[in-house]
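query18.cif follows (mmCIF, C-alpha atoms):
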data_query
#
loop_
_atom_site.group_PDB
_atom_site.id
_atom_site.type_symbol
_atom_site.label_atom_id
_atom_site.label_comp_id
_atom_site.auth_asym_id
_atom_site.auth_seq_id
_atom_site.Cartn_x
_atom_site.Cartn_y
_atom_site.Cartn_z
ATOM 1 C CA MET A 1 170.359 78.730 125.160
ATOM 2 C CA ALA A 2 171.118 76.715 122.027
ATOM 3 C CA LEU A 3 174.759 75.950 121.314
ATOM 4 C CA SER A 4 176.398 77.590 118.314
ATOM 5 C CA LEU A 5 177.797 75.353 115.587
ATOM 6 C CA GLN A 6 181.303 76.147 116.811
ATOM 7 C CA GLU A 7 180.366 75.076 120.339
ATOM 8 C CA LYS A 8 178.863 71.824 119.027
ATOM 9 C CA ILE A 9 181.941 71.041 116.931
ATOM 10 C CA GLU A 10 184.214 71.696 119.921
ATOM 11 C CA ASP A 11 182.101 69.653 122.369
ATOM 12 C CA THR A 12 183.101 66.015 121.845
ATOM 13 C CA ASN A 13 179.942 64.805 123.622
ATOM 14 C CA GLN A 14 177.802 66.415 120.914
ATOM 15 C CA GLY A 15 176.960 64.983 117.524
ATOM 16 C CA VAL A 16 177.440 67.363 114.583
ATOM 17 C CA TYR A 17 175.103 66.962 111.601
ATOM 18 C CA LEU A 18 175.419 69.092 108.477
ATOM 19 C CA ILE A 19 173.903 69.371 105.008
ATOM 20 C CA GLY A 20 176.235 70.225 102.110
ATOM 21 C CA THR A 21 175.039 72.224 99.097
ATOM 22 C CA THR A 22 176.295 74.376 96.232
ATOM 23 C CA PRO A 23 175.225 77.952 95.472
ATOM 24 C CA PRO A 24 172.936 78.509 92.452
ATOM 25 C CA ARG A 25 174.543 79.373 89.136
ATOM 26 C CA ILE A 26 175.890 82.850 88.502
ATOM 27 C CA GLY A 27 173.340 85.325 87.129
ATOM 28 C CA THR A 28 170.536 84.085 89.407
ATOM 29 C CA ASP A 29 168.675 87.198 90.554
ATOM 30 C CA LYS A 30 167.944 87.869 94.221
ATOM 31 C CA ALA A 31 164.273 86.862 94.037
ATOM 32 C CA GLN A 32 165.106 83.543 92.368
ATOM 33 C CA LEU A 33 167.998 83.007 94.795
ATOM 34 C CA GLU A 34 165.587 83.281 97.702
ATOM 35 C CA THR A 35 163.117 80.917 95.986
ATOM 36 C CA ILE A 36 165.889 78.307 95.573
ATOM 37 C CA ALA A 37 166.982 78.745 99.214
ATOM 38 C CA GLN A 38 163.403 78.404 100.471
ATOM 39 C CA LYS A 39 162.955 75.253 98.376
ATOM 40 C CA LEU A 40 166.087 73.722 99.920
ATOM 41 C CA LEU A 41 165.001 74.637 103.449
ATOM 42 C CA GLY A 42 161.531 73.244 102.693
ATOM 43 C CA ARG A 43 163.129 69.881 101.854
ATOM 44 C CA LEU A 44 165.092 70.020 105.114
ATOM 45 C CA HIS A 45 162.115 71.083 107.215
ATOM 46 C CA GLU A 46 161.380 67.605 108.588
ATOM 47 C CA ILE A 47 164.926 66.822 109.740
ATOM 48 C CA GLU A 48 166.957 68.270 112.581
ATOM 49 C CA TYR A 49 170.371 69.494 111.469
ATOM 50 C CA ASP A 50 173.012 71.813 112.899
ATOM 51 C CA GLY A 51 173.888 73.868 109.849
ATOM 52 C CA VAL A 52 174.608 74.003 106.132
ATOM 53 C CA VAL A 53 177.947 73.736 104.309
ATOM 54 C CA ILE A 54 178.173 75.994 101.237
ATOM 55 C CA TYR A 55 180.829 74.900 98.739
ATOM 56 C CA ASP A 56 182.950 77.144 96.541
ATOM 57 C CA ILE A 57 182.778 75.267 93.245
ATOM 58 C CA GLN A 58 185.858 75.417 91.024
ATOM 59 C CA ASP A 59 186.544 73.953 87.582
ATOM 60 C CA GLU A 60 189.260 71.508 88.798
ATOM 61 C CA SER A 61 190.059 70.496 85.219
ATOM 62 C CA SER A 62 193.766 71.124 85.943
ATOM 63 C CA ARG A 63 193.682 68.125 88.313
ATOM 64 C CA THR A 64 193.005 65.478 85.652
ATOM 65 C CA ASP A 65 193.190 64.881 81.895
ATOM 66 C CA LYS A 66 189.773 63.207 81.888
ATOM 67 C CA PRO A 67 186.810 65.254 80.604
ATOM 68 C CA ARG A 68 184.422 66.611 83.254
ATOM 69 C CA PRO A 69 181.217 64.457 83.217
ATOM 70 C CA PHE A 70 179.050 67.500 84.004
ATOM 71 C CA PRO A 71 179.842 70.934 82.525
ATOM 72 C CA PHE A 72 181.388 73.442 84.939
ATOM 73 C CA LYS A 73 179.079 76.353 85.740
ATOM 74 C CA GLN A 74 180.116 79.310 87.828
ATOM 75 C CA THR A 75 177.957 80.078 90.841
ATOM 76 C CA VAL A 76 176.916 83.144 92.772
ATOM 77 C CA ASP A 77 179.281 84.169 95.573
ATOM 78 C CA PRO A 78 179.061 81.396 98.229
ATOM 79 C CA ARG A 79 178.982 84.112 100.888
ATOM 80 C CA GLU A 80 175.810 85.616 99.446
ATOM 81 C CA TYR A 81 174.073 82.236 99.531
ATOM 82 C CA SER A 82 175.469 81.479 103.018
ATOM 83 C CA HIS A 83 174.186 84.791 104.356
ATOM 84 C CA LEU A 84 170.754 84.185 102.811
ATOM 85 C CA LEU A 85 170.431 80.616 104.130
ATOM 86 C CA ARG A 86 171.477 81.664 107.613
ATOM 87 C CA SER A 87 168.978 84.549 107.586
ATOM 88 C CA LEU A 88 166.137 82.267 106.478
ATOM 89 C CA SER A 89 166.953 79.220 108.649
ATOM 90 C CA HIS A 90 168.458 80.923 111.733
ATOM 91 C CA LEU A 91 171.086 78.158 111.708
ATOM 92 C CA ASP A 92 174.849 78.502 111.354
ATOM 93 C CA VAL A 93 176.600 77.973 108.031
ATOM 94 C CA ILE A 94 180.108 76.946 107.004
ATOM 95 C CA THR A 95 181.388 78.700 103.880
ATOM 96 C CA TYR A 96 184.122 77.251 101.659
ATOM 97 C CA LYS A 97 186.659 79.534 99.985
ATOM 98 C CA SER A 98 189.051 78.540 97.208
ATOM 99 C CA VAL A 99 192.141 80.703 97.759
ATOM 100 C CA ALA A 100 194.429 80.058 94.772
ATOM 101 C CA GLN A 101 192.866 82.485 92.270
ATOM 102 C CA ARG A 102 193.665 85.795 94.042
ATOM 103 C CA GLY A 103 196.734 87.260 95.735
ATOM 104 C CA GLU A 104 197.199 87.944 99.439
ATOM 105 C CA ALA A 105 195.945 91.550 99.394
ATOM 106 C CA GLU A 106 192.721 90.517 97.654
ATOM 107 C CA PHE A 107 192.290 87.598 100.057
ATOM 108 C CA LYS A 108 192.634 89.929 103.057
ATOM 109 C CA ALA A 109 190.032 92.246 101.495
ATOM 110 C CA TRP A 110 187.802 89.171 101.014
ATOM 111 C CA LEU A 111 188.171 88.324 104.723
ATOM 112 C CA ASN A 112 187.175 91.864 105.731
ATOM 113 C CA GLU A 113 184.106 91.700 103.482
ATOM 114 C CA THR A 114 183.209 88.249 104.800
ATOM 115 C CA LYS A 115 183.207 89.517 108.371
ATOM 116 C CA ASN A 116 181.784 93.014 107.914
ATOM 117 C CA ASP A 117 179.430 92.744 104.935
ATOM 118 C CA PHE A 118 178.255 89.133 105.186
ATOM 119 C CA ASP A 119 178.696 88.574 108.947
ATOM 120 C CA LEU A 120 180.167 85.093 108.428
ATOM 121 C CA LYS A 121 182.773 83.456 110.675
ATOM 122 C CA ASN A 122 182.830 79.687 109.934
ATOM 123 C CA LEU A 123 185.226 79.099 107.031
ATOM 124 C CA VAL A 124 186.898 76.190 105.243
ATOM 125 C CA LEU A 125 189.790 77.280 103.023
ATOM 126 C CA VAL A 126 190.625 75.135 99.993
ATOM 127 C CA GLY A 127 193.883 75.187 98.028
ATOM 128 C CA SER A 128 194.506 74.680 94.332
ATOM 129 C CA PRO A 129 193.224 71.344 92.946
ATOM 130 C CA SER A 130 196.596 70.888 91.236
ATOM 131 C CA SER A 131 200.159 72.065 91.816
ATOM 132 C CA ASP A 132 200.317 72.702 88.045
ATOM 133 C CA GLY A 133 197.663 75.436 88.143
ATOM 134 C CA ASP A 134 198.210 79.213 88.287
ATOM 135 C CA ILE A 135 198.455 79.571 92.077
ATOM 136 C CA LYS A 136 198.396 83.201 93.205
ATOM 137 C CA LEU A 137 198.041 82.294 96.904
ATOM 138 C CA SER A 138 199.033 78.982 98.470
ATOM 139 C CA LEU A 139 196.925 77.425 101.208
ATOM 140 C CA PRO A 140 199.657 77.831 103.910
ATOM 141 C CA ASN A 141 199.998 81.516 102.996
ATOM 142 C CA ALA A 142 196.221 81.929 103.144
ATOM 143 C CA TYR A 143 196.223 80.418 106.650
ATOM 144 C CA LYS A 144 198.998 82.822 107.601
ATOM 145 C CA ALA A 145 197.102 85.823 106.215
ATOM 146 C CA LEU A 146 193.970 84.792 108.084
ATOM 147 C CA ALA A 147 195.927 84.425 111.341
ATOM 148 C CA GLU A 148 197.108 88.030 110.936
ATOM 149 C CA GLN A 149 193.504 89.294 110.828
ATOM 150 C CA ALA A 150 192.040 90.552 114.098
ATOM 151 C CA ASP A 151 188.659 89.027 113.228
ATOM 152 C CA ASP A 152 187.545 85.918 115.080
ATOM 153 C CA PHE A 153 187.048 83.287 112.357
ATOM 154 C CA PHE A 154 186.332 79.634 113.149
ATOM 155 C CA LEU A 155 188.524 77.808 110.661
ATOM 156 C CA GLY A 156 188.165 74.329 109.224
ATOM 157 C CA GLY A 157 190.162 72.348 106.687
ATOM 158 C CA VAL A 158 189.550 69.697 104.053
ATOM 159 C CA THR A 159 190.802 66.137 104.500
ATOM 160 C CA ILE A 160 191.042 63.548 101.723
ATOM 161 C CA ALA A 161 191.445 59.895 102.710
ATOM 162 C CA GLU A 162 192.388 59.025 99.127
ATOM 163 C CA ARG A 163 195.560 61.101 99.521
ATOM 164 C CA HIS A 164 196.395 59.067 102.610
ATOM 165 C CA ALA A 165 195.901 55.839 100.655
ATOM 166 C CA SER A 166 198.448 56.934 98.043
ATOM 167 C CA LYS A 167 200.925 59.064 100.044
ATOM 168 C CA ARG A 168 200.393 57.822 103.636
ATOM 169 C CA ASN A 169 200.838 61.346 105.018
ATOM 170 C CA GLU A 170 197.364 62.885 105.224
ATOM 171 C CA HIS A 171 197.490 62.631 109.035
ATOM 172 C CA GLU A 172 200.598 64.824 108.941
ATOM 173 C CA ARG A 173 198.693 67.357 106.830
ATOM 174 C CA LEU A 174 195.979 67.430 109.500
ATOM 175 C CA LEU A 175 198.554 68.167 112.194
ATOM 176 C CA GLU A 176 200.114 70.905 110.030
ATOM 177 C CA LYS A 177 196.710 72.443 109.343
ATOM 178 C CA THR A 178 195.917 72.357 113.063
ATOM 179 C CA ALA A 179 199.156 74.271 113.746
ATOM 180 C CA GLN A 180 198.056 76.743 111.049
ATOM 181 C CA GLY A 181 194.731 77.375 112.797
ATOM 182 C CA CYS A 182 192.287 74.679 111.651
ATOM 183 C CA GLN A 183 189.917 73.551 114.409
ATOM 184 C CA PHE A 184 187.905 70.928 112.504
ATOM 185 C CA PHE A 185 188.042 69.004 109.236
ATOM 186 C CA ILE A 186 185.491 68.020 106.586
ATOM 187 C CA SER A 187 186.247 64.979 104.451
ATOM 188 C CA GLN A 188 185.733 64.345 100.784
ATOM 189 C CA ALA A 189 182.768 62.028 100.155
ATOM 190 C CA VAL A 190 183.402 58.549 101.586
ATOM 191 C CA TYR A 191 182.908 55.451 99.445
ATOM 192 C CA ASN A 192 186.013 53.582 100.565
ATOM 193 C CA ALA A 193 185.626 52.934 104.290
ATOM 194 C CA GLN A 194 189.068 51.375 104.709
ATOM 195 C CA ASP A 195 190.872 54.477 103.401
ATOM 196 C CA THR A 196 189.005 56.580 105.982
ATOM 197 C CA ILE A 197 189.662 54.081 108.802
ATOM 198 C CA ASP A 198 193.380 54.092 107.958
ATOM 199 C CA LEU A 199 193.475 57.905 107.969
ATOM 200 C CA ILE A 200 191.618 58.280 111.285
ATOM 201 C CA THR A 201 193.824 55.603 112.875
ATOM 202 C CA SER A 202 197.054 57.295 111.719
ATOM 203 C CA TYR A 203 195.762 60.680 112.882
ATOM 204 C CA ALA A 204 194.723 59.348 116.308
ATOM 205 C CA ARG A 205 198.079 57.618 116.872
ATOM 206 C CA SER A 206 200.035 60.740 115.856
ATOM 207 C CA CYS A 207 197.933 62.958 118.128
ATOM 208 C CA LYS A 208 198.472 60.557 121.030
ATOM 209 C CA ALA A 209 202.229 60.420 120.416
ATOM 210 C CA GLN A 210 202.402 64.231 120.429
ATOM 211 C CA GLY A 211 200.001 64.724 123.338
ATOM 212 C CA ILE A 212 197.534 66.610 121.122
ATOM 213 C CA LYS A 213 193.738 66.401 121.382
ATOM 214 C CA PRO A 214 192.381 65.363 117.950
ATOM 215 C CA ASN A 215 190.115 67.793 116.114
ATOM 216 C CA ARG A 216 186.701 66.689 114.911
ATOM 217 C CA ILE A 217 186.555 65.054 111.484
ATOM 218 C CA ILE A 218 183.193 65.551 109.762
ATOM 219 C CA LEU A 219 182.617 62.686 107.317
ATOM 220 C CA THR A 220 180.860 63.479 104.045
ATOM 221 C CA PHE A 221 178.495 61.004 102.394
ATOM 222 C CA THR A 222 176.534 61.324 99.168
ATOM 223 C CA PRO A 223 174.042 59.095 97.331
ATOM 224 C CA CYS A 224 174.738 57.903 93.793
ATOM 225 C CA GLY A 225 171.889 57.007 91.449
ATOM 226 C CA SER A 226 173.459 56.638 88.027
ATOM 227 C CA GLU A 227 176.610 55.756 86.130
ATOM 228 C CA LYS A 228 177.057 59.434 85.218
ATOM 229 C CA THR A 229 176.994 60.475 88.887
ATOM 230 C CA LEU A 230 179.483 57.699 89.627
ATOM 231 C CA ASP A 231 181.740 58.950 86.799
ATOM 232 C CA PHE A 232 181.555 62.436 88.316
ATOM 233 C CA MET A 233 182.437 61.119 91.773
ATOM 234 C CA GLN A 234 185.481 59.330 90.388
ATOM 235 C CA TRP A 235 186.433 62.414 88.326
ATOM 236 C CA LEU A 236 186.410 64.399 91.600
ATOM 237 C CA GLY A 237 188.895 61.886 93.016
ATOM 238 C CA ILE A 238 186.491 59.925 95.218
ATOM 239 C CA SER A 239 187.691 56.338 95.611
ATOM 240 C CA VAL A 240 184.998 53.796 94.763
ATOM 241 C CA PRO A 241 186.190 50.170 95.045
ATOM 242 C CA GLU A 242 185.449 48.037 91.974
ATOM 243 C CA ALA A 243 183.093 45.725 93.875
ATOM 244 C CA THR A 244 181.185 48.724 95.265
ATOM 245 C CA LYS A 245 180.866 50.231 91.785
ATOM 246 C CA TRP A 246 179.280 47.118 90.305
ATOM 247 C CA ARG A 247 177.167 46.486 93.380
ATOM 248 C CA MET A 248 175.555 49.890 92.773
ATOM 249 C CA LEU A 249 175.314 49.809 88.988
ATOM 250 C CA ASP A 250 174.047 46.210 88.801
ATOM 251 C CA ALA A 251 171.409 46.769 91.489
ATOM 252 C CA GLU A 252 167.729 46.998 90.590
ATOM 253 C CA ASN A 253 167.725 50.399 92.286
ATOM 254 C CA PRO A 254 171.272 51.875 92.279
ATOM 255 C CA LEU A 255 170.219 54.869 94.383
ATOM 256 C CA SER A 256 168.819 52.745 97.224
ATOM 257 C CA GLU A 257 171.861 50.474 97.018
ATOM 258 C CA SER A 258 174.190 53.472 97.343
ATOM 259 C CA VAL A 259 172.354 54.535 100.513
ATOM 260 C CA ARG A 260 172.827 51.018 101.950
ATOM 261 C CA ILE A 261 176.529 51.124 101.049
ATOM 262 C CA CYS A 262 176.962 54.496 102.785
ATOM 263 C CA ARG A 263 175.251 53.135 105.890
ATOM 264 C CA GLU A 264 177.529 50.069 105.901
ATOM 265 C CA ASN A 265 180.601 52.273 105.386
ATOM 266 C CA LEU A 266 179.705 54.542 108.304
ATOM 267 C CA ASP A 267 178.991 51.520 110.487
ATOM 268 C CA SER A 268 182.375 50.030 109.595
ATOM 269 C CA ILE A 269 184.187 53.310 110.336
ATOM 270 C CA LEU A 270 182.436 53.731 113.696
ATOM 271 C CA LYS A 271 183.192 50.162 114.770
ATOM 272 C CA SER A 272 186.815 50.264 113.633
ATOM 273 C CA CYS A 273 187.497 53.671 115.207
ATOM 274 C CA ALA A 274 185.463 53.294 118.414
ATOM 275 C CA HIS A 275 188.616 52.896 120.529
ATOM 276 C CA LEU A 276 190.205 56.034 119.076
ATOM 277 C CA ASP A 277 189.761 59.470 120.608
ATOM 278 C CA VAL A 278 188.713 61.212 117.383
ATOM 279 C CA PRO A 279 185.325 62.978 117.461
ATOM 280 C CA LEU A 280 183.383 62.511 114.226
ATOM 281 C CA GLY A 281 180.485 64.267 112.553
ATOM 282 C CA LEU A 282 178.332 63.966 109.429
ATOM 283 C CA ASN A 283 177.930 66.074 106.308
ATOM 284 C CA ILE A 284 175.414 64.802 103.747
ATOM 285 C CA GLU A 285 175.426 66.222 100.231
ATOM 286 C CA SER A 286 173.946 65.589 96.801
ATOM 287 C CA LEU A 287 176.475 65.925 93.977
ATOM 288 C CA THR A 288 173.802 66.586 91.339
ATOM 289 C CA ASN A 289 170.565 68.569 91.146
ATOM 290 C CA ARG A 290 168.532 65.489 90.162
ATOM 291 C CA LYS A 291 165.419 65.397 92.358
ATOM 292 C CA GLU A 292 165.807 61.661 93.048
ATOM 293 C CA GLU A 293 169.354 62.098 94.353
ATOM 294 C CA ILE A 294 168.440 65.156 96.434
ATOM 295 C CA ASP A 295 165.532 63.236 98.004
ATOM 296 C CA ALA A 296 167.828 60.258 98.592
ATOM 297 C CA SER A 297 170.308 62.532 100.373
ATOM 298 C CA ILE A 298 167.581 63.458 102.894
ATOM 299 C CA ASN A 299 166.834 59.761 103.511
ATOM 300 C CA LEU A 300 170.568 59.082 103.779
ATOM 301 C CA TYR A 301 170.867 61.885 106.336
ATOM 302 C CA ARG A 302 168.119 60.381 108.507
ATOM 303 C CA LEU A 303 169.673 56.927 108.375
ATOM 304 C CA LEU A 304 173.256 58.003 109.067
ATOM 305 C CA LYS A 305 172.304 60.444 111.804
ATOM 306 C CA ALA A 306 170.416 57.648 113.611
ATOM 307 C CA THR A 307 173.497 55.411 113.223
ATOM 308 C CA MET A 308 175.787 58.098 114.611
ATOM 309 C CA GLU A 309 173.451 58.977 117.504
ATOM 310 C CA LEU A 310 173.250 55.327 118.538
ATOM 311 C CA ASN A 311 177.042 55.103 118.482
ATOM 312 C CA LEU A 312 177.329 58.242 120.647
ATOM 313 C CA ALA A 313 174.789 56.875 123.148
ATOM 314 C CA GLU A 314 176.667 53.575 123.407
ATOM 315 C CA LYS A 315 179.949 55.451 124.006
ATOM 316 C CA GLN A 316 178.417 57.504 126.819
ATOM 317 C CA ILE A 317 177.045 54.355 128.495
ATOM 318 C CA ALA A 318 180.487 52.737 128.326
#
Encoded form (structure tokens):
Amino acid sequence: MALSLQEKIEDTNQGVYLIGTTPPRIGTDKAQLETIAQKLLGRLHEIEYDGVVIYDIQDESSRTDKPRPFPFKQTVDPREYSHLLRSLSHLDVITYKSVAQRGEAEFKAWLNETKNDFDLKNLVLVGSPSSDGDIKLSLPNAYKALAEQADDFFLGGVTIAERHASKRNEHERLLEKTAQGCQFFISQAVYNAQDTIDLITSYARSCKAQGIKPNRIILTFTPCGSEKTLDFMQWLGISVPEATKWRMLDAENPLSESVRICRENLDSILKSCAHLDVPLGLNIESLTNRKEEIDASINLYRLLKATMELNLAEKQIA
């Protein structure tokens, strides 16, 4: 019998390979929603993957004074799209939920709906993008409310290496989130390998010092084919070193160059963290709906999965 996504994430001998996507814009009718889902699954038909990550897209303009490179558009309920994709693909999904906009009672009602109406159990809760925003429910309080529910959710958290680069405490956040119920983590898109290596190293050393088994960290990668996509990545808070930026933008084919950079970054992370007891995974996304970048994300997935599988095989031989 095939392992569930939860079982794969928990089994450190298994690779975990995910595709990240956003729900269609709000107002999309059910027939069109299914057409969009079928089109996505058609693109993914030739690759083997373990499940799909469905993001809960928020404005995030409170996080920065810089204008958003792409206009913010509300989407259909991520749970509706998650339920549809799981029904069509027969694969597990992970659904993101931004918790800051509603109070605790509404969040608990949301959890009941998620379990009973949408039959979803794999969640990643996300806090407010800024401490300055109107926060009706903090992330710690959302974790607490979820822990009080009788339902059996499989909970993940977000990790951001860029925060570790500036505050040097992201590994402590991971330990706190683990104590609050998180059983895996999904990173922000990686373009600065050293930030991620530093985070994983700090996390591994802290876990060892406390006698804790590290949770799996699923690393997100995304292709970048234009200056506008790069601006959007940086607006989202993704760290792109200056040399990497110009290497992409000055290349004859920036999209292909970005795929090479992602491969090199994963290779560097795997080599630098090989001696650490932190299980890793992959999540490949496209940040735009440009066909070229979506197609490149499929090629990137193939390349990075092969890299990760080779690393796993070498570990098992050793």
Quick one: everything within 12 Å of Gln14 of chain A, counting all atoms listed in the file, minus sequence neighbours fewer than 5 positions away in the same chain. Send it as a PDB file with C-alpha atoms, in the coordinates of the input.
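The resulting file, out-v9.pdb, is shown below:
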ATOM      1  CA  LEU A   3     174.759  75.950 121.314  1.00  0.00           C
ATOM      2  CA  SER A   4     176.398  77.590 118.314  1.00  0.00           C
ATOM      3  CA  LEU A   5     177.797  75.353 115.587  1.00  0.00           C
ATOM      4  CA  GLN A   6     181.303  76.147 116.811  1.00  0.00           C
ATOM      5  CA  GLU A   7     180.366  75.076 120.339  1.00  0.00           C
ATOM      6  CA  LYS A   8     178.863  71.824 119.027  1.00  0.00           C
ATOM      7  CA  ILE A   9     181.941  71.041 116.931  1.00  0.00           C
ATOM      8  CA  ASP A  50     173.012  71.813 112.899  1.00  0.00           C
ATOM      9  CA  ARG A 216     186.701  66.689 114.911  1.00  0.00           C
ATOM     10  CA  PRO A 279     185.325  62.978 117.461  1.00  0.00           C
ATOM     11  CA  LEU A 280     183.383  62.511 114.226  1.00  0.00           C
ATOM     12  CA  GLY A 281     180.485  64.267 112.553  1.00  0.00           C
ATOM     13  CA  LEU A 282     178.332  63.966 109.429  1.00  0.00           C
ATOM     14  CA  MET A 308     175.787  58.098 114.611  1.00  0.00           C
ATOM     15  CA  GLU A 309     173.451  58.977 117.504  1.00  0.00           C
ATOM     16  CA  ASN A 311     177.042  55.103 118.482  1.00  0.00           C
ATOM     17  CA  LEU A 312     177.329  58.242 120.647  1.00  0.00           C
ATOM     18  CA  ALA A 313     174.789  56.875 123.148  1.00  0.00           C
ATOM     19  CA  LYS A 315     179.949  55.451 124.006  1.00  0.00           C
ATOM     20  CA  GLN A 316     178.417  57.504 126.819  1.00  0.00           C
TER      21      GLN A 316
END
(message) I'd like the residues picked by the PyMOL selection byres ((chain A and resi 271) around 12) written out as a PyMOL selection string, using the chain letters and numbers from the file.
(response) chain A and resi 193-194+197+264-270+272-276+307-308+310-312+314-315
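Going from atom CA of Tyr143 of chain A to atom CA of Ser89 of chain A covers 29.4 Å.
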(request) May I ask for the distance between atom CA of Cys207 of chain A and atom CA of Leu175 of chain A, given in Å to one decimal place? (result)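 Spanning atom CA of Cys207 of chain A to atom CA of Leu175 of chain A is a straight-line distance of 7.9 Å.
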(request) Calculate how many Å separate atom CA of Val52 of chain A from atom CA of Arg290 of chain A, rounding to one decimal. (result) 19.1 Å
(message) Counting all atoms listed in the file, which residue out of A:Arg163, A:Lys208, A:Lys245, A:Lys177 sits closest to Tyr191 of chain A?
(response)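 Of the candidates, the smallest distance to Tyr191 of chain A is held by A:Lys245.
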